[in-house]
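Below: data-v3.pdb (PDB, C-alpha atoms)
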ATOM      1  CA  MET A   1      68.700  47.615-144.850
ATOM      2  CA  LEU A   2      71.032  50.259-146.222
ATOM      3  CA  PRO A   3      70.393  52.985-148.831
ATOM      4  CA  ALA A   4      69.965  52.099-152.489
ATOM      5  CA  LEU A   5      73.072  51.553-154.615
ATOM      6  CA  CYS A   6      74.112  50.998-158.192
ATOM      7  CA  LEU A   7      77.839  50.829-158.940
ATOM      8  CA  LEU A   8      80.230  48.316-157.037
ATOM      9  CA  LEU A   9      82.043  44.651-156.439
ATOM     10  CA  ALA A  10      84.678  41.823-154.441
ATOM     11  CA  ALA A  11      86.387  38.514-152.213
ATOM     12  CA  CYS A  12      89.702  37.078-149.751
ATOM     13  CA  GLY A  13      90.289  34.535-146.839
ATOM     14  CA  SER A  14      88.687  34.596-143.376
ATOM     15  CA  ALA A  15      85.306  34.963-141.781
ATOM     16  CA  LYS A  16      83.347  38.208-141.924
ATOM     17  CA  THR A  17      82.078  39.855-138.778
ATOM     18  CA  ALA A  18      81.602  43.623-138.916
ATOM     19  CA  ALA A  19      78.463  45.233-140.284
ATOM     20  CA  PRO A  20      78.809  46.535-143.850
ATOM     21  CA  THR A  21      79.829  50.122-144.382
ATOM     22  CA  THR A  22      77.551  52.491-146.246
ATOM     23  CA  PRO A  23      78.459  52.684-149.942
ATOM     24  CA  ALA A  24      79.378  55.990-151.526
ATOM     25  CA  THR A  25      77.119  58.090-153.712
ATOM     26  CA  SER A  26      78.486  56.562-156.902
ATOM     27  CA  GLN A  27      77.226  53.227-155.622
ATOM     28  CA  THR A  28      73.868  54.419-154.376
ATOM     29  CA  THR A  29      72.490  56.378-157.303
ATOM     30  CA  PRO A  30      70.526  53.971-159.510
ATOM     31  CA  ALA A  31      71.124  54.163-163.236
ATOM     32  CA  ALA A  32      68.214  54.189-165.639
ATOM     33  CA  THR A  33      67.484  50.768-167.101
ATOM     34  CA  THR A  34      65.395  50.187-170.188
ATOM     35  CA  ASN A  35      64.955  47.477-172.758
ATOM     36  CA  ALA A  36      67.738  49.065-174.796
ATOM     37  CA  GLN A  37      70.084  50.084-171.989
ATOM     38  CA  SER A  38      72.333  47.892-169.903
ATOM     39  CA  PRO A  39      72.770  48.669-166.187
ATOM     40  CA  ASN A  40      75.809  50.778-165.375
ATOM     41  CA  ALA A  41      79.046  49.000-164.562
ATOM     42  CA  LEU A  42      79.767  48.259-160.918
ATOM     43  CA  GLN A  43      82.506  50.332-159.285
ATOM     44  CA  GLY A  44      84.197  49.956-155.922
ATOM     45  CA  GLU A  45      84.487  52.565-153.206
ATOM     46  CA  ALA A  46      88.024  53.565-152.189
ATOM     47  CA  LYS A  47      86.791  54.697-148.755
ATOM     48  CA  ALA A  48      85.207  51.320-147.946
ATOM     49  CA  ALA A  49      86.886  49.058-145.413
ATOM     50  CA  ALA A  50      89.045  46.281-146.783
ATOM     51  CA  THR A  51      87.362  42.941-147.195
ATOM     52  CA  GLY A  52      88.296  39.351-147.874
ATOM     53  CA  ASP A  53      87.152  36.180-149.569
ATOM     54  CA  ILE A  54      83.754  34.692-148.856
ATOM     55  CA  PRO A  55      84.573  32.032-146.232
ATOM     56  CA  ASP A  56      84.262  28.360-147.177
ATOM     57  CA  ASN A  57      81.783  27.868-144.314
ATOM     58  CA  GLN A  58      79.586  30.809-145.376
ATOM     59  CA  VAL A  59      75.839  30.257-144.898
ATOM     60  CA  TYR A  60      73.595  31.326-147.784
ATOM     61  CA  VAL A  61      69.956  32.323-147.653
ATOM     62  CA  VAL A  62      67.411  32.607-150.475
ATOM     63  CA  PHE A  63      66.171  35.984-151.660
ATOM     64  CA  ASN A  64      62.765  35.546-153.310
ATOM     65  CA  ASP A  65      61.225  38.437-155.247
ATOM     66  CA  PRO A  66      57.758  37.551-156.619
ATOM     67  CA  ARG A  67      57.362  41.019-158.125
ATOM     68  CA  ALA A  68      60.430  40.708-160.337
ATOM     69  CA  GLY A  69      59.836  36.976-160.736
ATOM     70  CA  TYR A  70      63.061  35.353-159.548
ATOM     71  CA  SER A  71      65.001  34.003-156.586
ATOM     72  CA  ILE A  72      68.737  33.859-155.851
ATOM     73  CA  LYS A  73      70.922  32.835-152.918
ATOM     74  CA  TYR A  74      73.190  35.343-151.184
ATOM     75  CA  PRO A  75      75.553  35.237-148.176
ATOM     76  CA  GLU A  76      73.797  35.555-144.838
ATOM     77  CA  GLY A  77      74.733  38.832-143.149
ATOM     78  CA  TRP A  78      75.315  40.846-146.311
ATOM     79  CA  ALA A  79      73.447  44.134-146.598
ATOM     80  CA  GLN A  80      70.640  44.520-149.129
ATOM     81  CA  SER A  81      69.789  47.609-151.122
ATOM     82  CA  GLY A  82      66.852  48.032-153.472
ATOM     83  CA  SER A  83      63.933  45.758-154.284
ATOM     84  CA  GLY A  84      61.865  44.584-157.213
ATOM     85  CA  ASN A  85      63.681  44.883-160.518
ATOM     86  CA  ARG A  86      66.983  46.124-159.012
ATOM     87  CA  VAL A  87      68.542  44.552-155.910
ATOM     88  CA  THR A  88      72.131  44.649-154.639
ATOM     89  CA  PHE A  89      73.686  42.550-151.875
ATOM     90  CA  TYR A  90      77.030  43.672-150.552
ATOM     91  CA  ASP A  91      79.666  43.405-147.896
ATOM     92  CA  LYS A  92      81.978  46.399-148.323
ATOM     93  CA  ASN A  93      83.426  46.032-151.849
ATOM     94  CA  ASN A  94      82.001  42.550-152.419
ATOM     95  CA  LEU A  95      78.940  43.300-154.576
ATOM     96  CA  VAL A  96      76.201  41.264-156.218
ATOM     97  CA  ARG A  97      73.538  43.132-158.192
ATOM     98  CA  THR A  98      70.543  41.712-160.080
ATOM     99  CA  VAL A  99      68.606  43.868-162.554
ATOM    100  CA  VAL A 100      65.489  42.494-164.271
ATOM    101  CA  GLN A 101      64.254  44.315-167.361
ATOM    102  CA  PRO A 102      62.121  43.716-170.449
ATOM    103  CA  GLY A 103      63.939  42.094-173.329
ATOM    104  CA  THR A 104      64.852  38.808-174.933
ATOM    105  CA  ALA A 105      68.143  36.917-174.758
ATOM    106  CA  PRO A 106      70.896  39.096-176.297
ATOM    107  CA  THR A 107      73.464  37.956-178.848
ATOM    108  CA  LEU A 108      77.198  38.006-178.180
ATOM    109  CA  ALA A 109      77.488  41.021-180.469
ATOM    110  CA  GLN A 110      74.764  42.878-178.548
ATOM    111  CA  VAL A 111      76.509  42.215-175.223
ATOM    112  CA  SER A 112      79.784  43.538-176.645
ATOM    113  CA  ALA A 113      77.979  46.634-177.916
ATOM    114  CA  GLU A 114      76.378  47.211-174.491
ATOM    115  CA  LEU A 115      79.732  47.036-172.705
ATOM    116  CA  LYS A 116      81.312  49.377-175.232
ATOM    117  CA  GLY A 117      78.448  51.800-174.577
ATOM    118  CA  LEU A 118      79.101  51.692-170.816
ATOM    119  CA  LYS A 119      82.574  53.133-171.336
ATOM    120  CA  ALA A 120      80.921  56.496-171.993
ATOM    121  CA  SER A 121      79.984  56.698-168.284
ATOM    122  CA  THR A 122      82.797  54.498-166.883
ATOM    123  CA  SER A 123      86.041  55.320-168.668
ATOM    124  CA  SER A 124      88.065  52.775-166.653
ATOM    125  CA  LEU A 125      85.928  49.872-167.895
ATOM    126  CA  ARG A 126      87.755  47.054-169.686
ATOM    127  CA  PHE A 127      86.073  43.812-170.726
ATOM    128  CA  GLN A 128      86.851  40.421-172.207
ATOM    129  CA  PRO A 129      84.916  38.990-175.171
ATOM    130  CA  PRO A 130      81.551  37.609-173.997
ATOM    131  CA  LYS A 131      80.951  33.872-174.206
ATOM    132  CA  ARG A 132      78.047  31.462-174.034
ATOM    133  CA  VAL A 133      77.699  29.402-170.842
ATOM    134  CA  GLN A 134      75.156  27.185-169.099
ATOM    135  CA  ILE A 135      73.574  28.337-165.844
ATOM    136  CA  SER A 136      71.492  25.672-164.109
ATOM    137  CA  GLY A 137      71.209  23.859-167.428
ATOM    138  CA  ARG A 138      69.950  26.913-169.313
ATOM    139  CA  PRO A 139      71.818  28.996-171.915
ATOM    140  CA  ALA A 140      73.288  32.293-170.734
ATOM    141  CA  ILE A 141      76.001  34.768-171.668
ATOM    142  CA  LYS A 142      78.931  35.694-169.438
ATOM    143  CA  VAL A 143      81.260  38.657-169.799
ATOM    144  CA  VAL A 144      84.071  39.646-167.402
ATOM    145  CA  TYR A 145      84.901  43.318-166.938
ATOM    146  CA  THR A 146      87.016  45.465-164.638
ATOM    147  CA  THR A 147      86.563  49.005-163.317
ATOM    148  CA  GLU A 148      88.525  51.368-161.060
ATOM    149  CA  SER A 149      87.080  53.551-158.319
ATOM    150  CA  ALA A 150      87.787  57.229-157.885
ATOM    151  CA  PRO A 151      91.026  57.762-155.887
ATOM    152  CA  ASN A 152      90.830  57.816-152.110
ATOM    153  CA  PRO A 153      91.127  61.521-151.150
ATOM    154  CA  VAL A 154      93.655  60.692-148.399
ATOM    155  CA  THR A 155      95.742  57.808-149.773
ATOM    156  CA  ASN A 156      95.088  58.370-153.494
ATOM    157  CA  LYS A 157      94.622  54.596-153.805
ATOM    158  CA  GLN A 158      91.945  53.128-156.074
ATOM    159  CA  VAL A 159      89.886  49.957-155.838
ATOM    160  CA  GLN A 160      89.921  47.822-158.955
ATOM    161  CA  LEU A 161      86.950  45.500-159.263
ATOM    162  CA  THR A 162      86.656  42.390-161.365
ATOM    163  CA  VAL A 163      83.037  41.682-162.281
ATOM    164  CA  ASP A 164      81.424  38.573-163.731
ATOM    165  CA  ARG A 165      78.286  39.692-165.589
ATOM    166  CA  TYR A 166      75.651  37.137-166.623
ATOM    167  CA  TYR A 167      72.708  37.630-168.979
ATOM    168  CA  LEU A 168      69.853  35.239-168.137
ATOM    169  CA  ALA A 169      66.632  35.346-170.157
ATOM    170  CA  GLN A 170      63.173  33.825-170.057
ATOM    171  CA  GLY A 171      60.394  34.792-172.426
ATOM    172  CA  ARG A 172      60.254  38.578-172.693
ATOM    173  CA  LYS A 173      62.370  39.209-169.581
ATOM    174  CA  ARG A 174      66.079  39.184-168.937
ATOM    175  CA  ALA A 175      68.128  39.373-165.766
ATOM    176  CA  ILE A 176      71.599  40.884-165.669
ATOM    177  CA  VAL A 177      73.565  39.614-162.671
ATOM    178  CA  ASP A 178      76.820  41.411-161.770
ATOM    179  CA  LEU A 179      79.106  39.738-159.212
ATOM    180  CA  GLY A 180      82.062  41.928-158.295
ATOM    181  CA  SER A 181      85.164  41.499-156.153
ATOM    182  CA  PRO A 182      88.273  43.634-155.614
ATOM    183  CA  VAL A 183      91.303  42.394-157.538
ATOM    184  CA  GLY A 184      93.169  39.869-155.387
ATOM    185  CA  VAL A 185      90.004  38.600-153.672
ATOM    186  CA  ASP A 186      88.830  35.091-154.551
ATOM    187  CA  ASN A 187      85.050  34.732-154.530
ATOM    188  CA  VAL A 188      84.917  32.250-157.413
ATOM    189  CA  ASP A 189      83.223  29.417-155.537
ATOM    190  CA  GLY A 190      80.762  31.622-153.675
ATOM    191  CA  TYR A 191      79.781  33.578-156.767
ATOM    192  CA  ARG A 192      79.387  30.385-158.795
ATOM    193  CA  LEU A 193      76.998  29.076-156.150
ATOM    194  CA  MET A 194      75.019  32.311-156.243
ATOM    195  CA  VAL A 195      74.560  32.608-160.006
ATOM    196  CA  GLN A 196      73.797  28.888-160.329
ATOM    197  CA  SER A 197      71.062  29.338-157.718
ATOM    198  CA  PHE A 198      69.202  31.891-159.872
ATOM    199  CA  ARG A 199      65.676  30.715-160.687
ATOM    200  CA  TRP A 200      62.892  32.345-162.678
ATOM    201  CA  LYS A 201      59.472  32.145-161.029
TER     202      LYS A 201
END
Using structure tokens, write down the structure that the file contains.
Amino acid sequence: MLPALCLLLAACGSAKTAAPTTPATSQTTPAATTNAQSPNALQGEAKAAATGDIPDNQVYVVFNDPRAGYSIKYPEGWAQSGSGNRVTFYDKNNLVRTVVQPGTAPTLAQVSAELKGLKASTSSLRFQPPKRVQISGRPAIKVVYTTESAPNPVTNKQVQLTVDRYYLAQGRKRAIVDLGSPVGVDNVDGYRLMVQSFRWK
């Protein structure tokens, strides 16, 4: 299990083999999360090794967290960071983070306001209008955003992540699930499977 992380994302075509690299500090420093504050936006790491799509034959295992009160599937072999109310699974710049916090289901306007607020700490953040969706037959909100990493000190290249963020609520709790991939990586099917597997306990 690797050190805790907070800001990241990714997906592209063949099987994965190597062990995940350790994320950078910007990915490992947890952001404060309260009823009124959304988790920080995920950001990639320009030093991380390149990665590809989640393979079609990827095996998924179930992560069950009784303390936070939920379960979700994730790709076997991905590293895990954190526990309880904040957990991230990742393979290089492919990132899936779940944050559980007090709160009821937000409105579309509240989600837009939260994302606008995140720009104060992540100036590269851009997002599309949030929309209502169904996840496992239950109402949810989805918003897509992008971020850019700090430049690589050697190549000056940046990693741009595209993140699908879902707001899932039950009672007085809500889960915010961020699924991020580098631009050009296609993790659509794998990430759909993961978010649809989310279950409250």
(request) Counting all atoms listed in the file, figure out which residue out of A:Val177, A:Leu168, A:Asp189, A:Ser121 gets nearest to A:Gln43. (result)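 When distances to A:Gln43 are compared using all atoms listed in the file, the smallest one comes from A:Ser121.
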Would you kindly identify which residues have an atom no farther than 7 Å from (78.7, 34.2, -171.3), using all atoms listed in the file and the file's own coordinates, and write them out as a compact mmCIF listing (two decimals) with C-alpha atoms, keeping the file's coordinate frame?
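So result_24.txt came out as:
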# COMPACT_ATOMS: atom_id res chain seq x y z
CA PRO A 130 81.55 37.61 -174.00
CA LYS A 131 80.95 33.87 -174.21
CA ARG A 132 78.05 31.46 -174.03
CA VAL A 133 77.70 29.40 -170.84
CA ALA A 140 73.29 32.29 -170.73
CA ILE A 141 76.00 34.77 -171.67
CA LYS A 142 78.93 35.69 -169.44
CA VAL A 143 81.26 38.66 -169.80
CA TYR A 166 75.65 37.14 -166.62
(request) Evaluate the PyMOL selection byres ((chain A and resi 100-111) around 7) and record the selected residues as a list in words, following the chain and residue labels used in the document. (result)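 Applied to this file, the PyMOL selection byres ((chain A and resi 100-111) around 7) selects Thr34, Asn35, Ala68, Asn85, Arg86, Thr98, Val99, Ser112, Ala113, Glu114, Leu115, Pro130, Lys131, Ala169, Gly171, Arg172, Lys173, Arg174, Ala175 and Ile176 of chain A.
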(request) Mind giving me the straight-line distance from atom CA of A:Ser81 to atom CA of A:Gly137 in Å, one decimal? (result) 28.8 Å
(message) If the PyMOL selection byres ((chain A and resi 44) around 7) were run on this exact file, what residues would it hold? Put them as a list in words.
(response)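 On this input, the PyMOL selection byres ((chain A and resi 44) around 7) captures Leu8, Leu9, Leu42, Gln43, Glu45, Ala46, Asn93, Glu148, Ser149, Val159, Gln160 and Leu161 of chain A.
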(request) Mind checking which residues fall within 12 Å of A:Ser181, counting only C-alpha atoms, ignoring those fewer than 4 positions away in the same chain, and posting them as a ChimeraX atom specification? (result) /A:8-12,42-45,50-54,90-97,144-148,159-165,185-188,190-191
(request) Using all atoms listed in the file, pick whichever of A:Tyr74, A:Asp178, A:Asn57, A:Ala41 has the shortest atom-to-atom distance to A:Ser124. (result)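 Among A:Tyr74, A:Asp178, A:Asn57, A:Ala41, it is A:Ala41 that comes nearest to A:Ser124.
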(message) Using only C-alpha atoms for the distances, tell me which of A:Lys47, A:Pro129, A:Val183, A:Pro75 is nearest to A:Tyr60.
(response) A:Pro75
(request) Tell me, in Å to one decimal, how far atom CA of A:Gln37 is from atom CA of A:Gly117. (result)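 Separating atom CA of A:Gln37 from atom CA of A:Gly117 is a distance of 8.9 Å.
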(message) Here is a test: counting only C-alpha atoms, which residue of A:Gly69, A:Pro151, A:Pro139, A:Pro182 is nearest to A:Arg199?
(response)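 Smallest separation from A:Arg199 among the options: A:Gly69.
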(message) I'd like to know which of A:Gln170, A:Ser38, A:Phe89, A:Thr122 is closest to A:Lys201, using only C-alpha atoms.
(response)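 Distance minimum relative to A:Lys201 lands on A:Gln170.
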(request) For atom CA of A:Gln80 and atom CA of A:Phe198, quote the distance in Å rounded to one decimal. (result)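 Atom-to-atom, atom CA of A:Gln80 to atom CA of A:Phe198, that is 16.6 Å.
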(message) Under the rule that all atoms listed in the file are counted, which of A:Asn64, A:Tyr167, A:Ala79, A:Tyr70 is the nearest residue to A:Arg138?
(response) A:Tyr167
(request) Please evaluate the PyMOL selection byres ((chain A and resi 72) around 6) against the displayed coordinates and give the resulting residues as a ChimeraX atom specification. (result) /A:62-63,71,73,197-198
Can I get the selected residues back with C-alpha atoms, as an mmCIF file, in the coordinates of the input?
data_model
loop_
_atom_site.group_PDB
_atom_site.id
_atom_site.type_symbol
_atom_site.label_atom_id
_atom_site.label_comp_id
_atom_site.auth_asym_id
_atom_site.auth_seq_id
_atom_site.Cartn_x
_atom_site.Cartn_y
_atom_site.Cartn_z
ATOM 1 C CA VAL A 62 67.411 32.607 -150.475
ATOM 2 C CA PHE A 63 66.171 35.984 -151.660
ATOM 3 C CA SER A 71 65.001 34.003 -156.586
ATOM 4 C CA LYS A 73 70.922 32.835 -152.918
ATOM 5 C CA SER A 197 71.062 29.338 -157.718
ATOM 6 C CA PHE A 198 69.202 31.891 -159.872
#
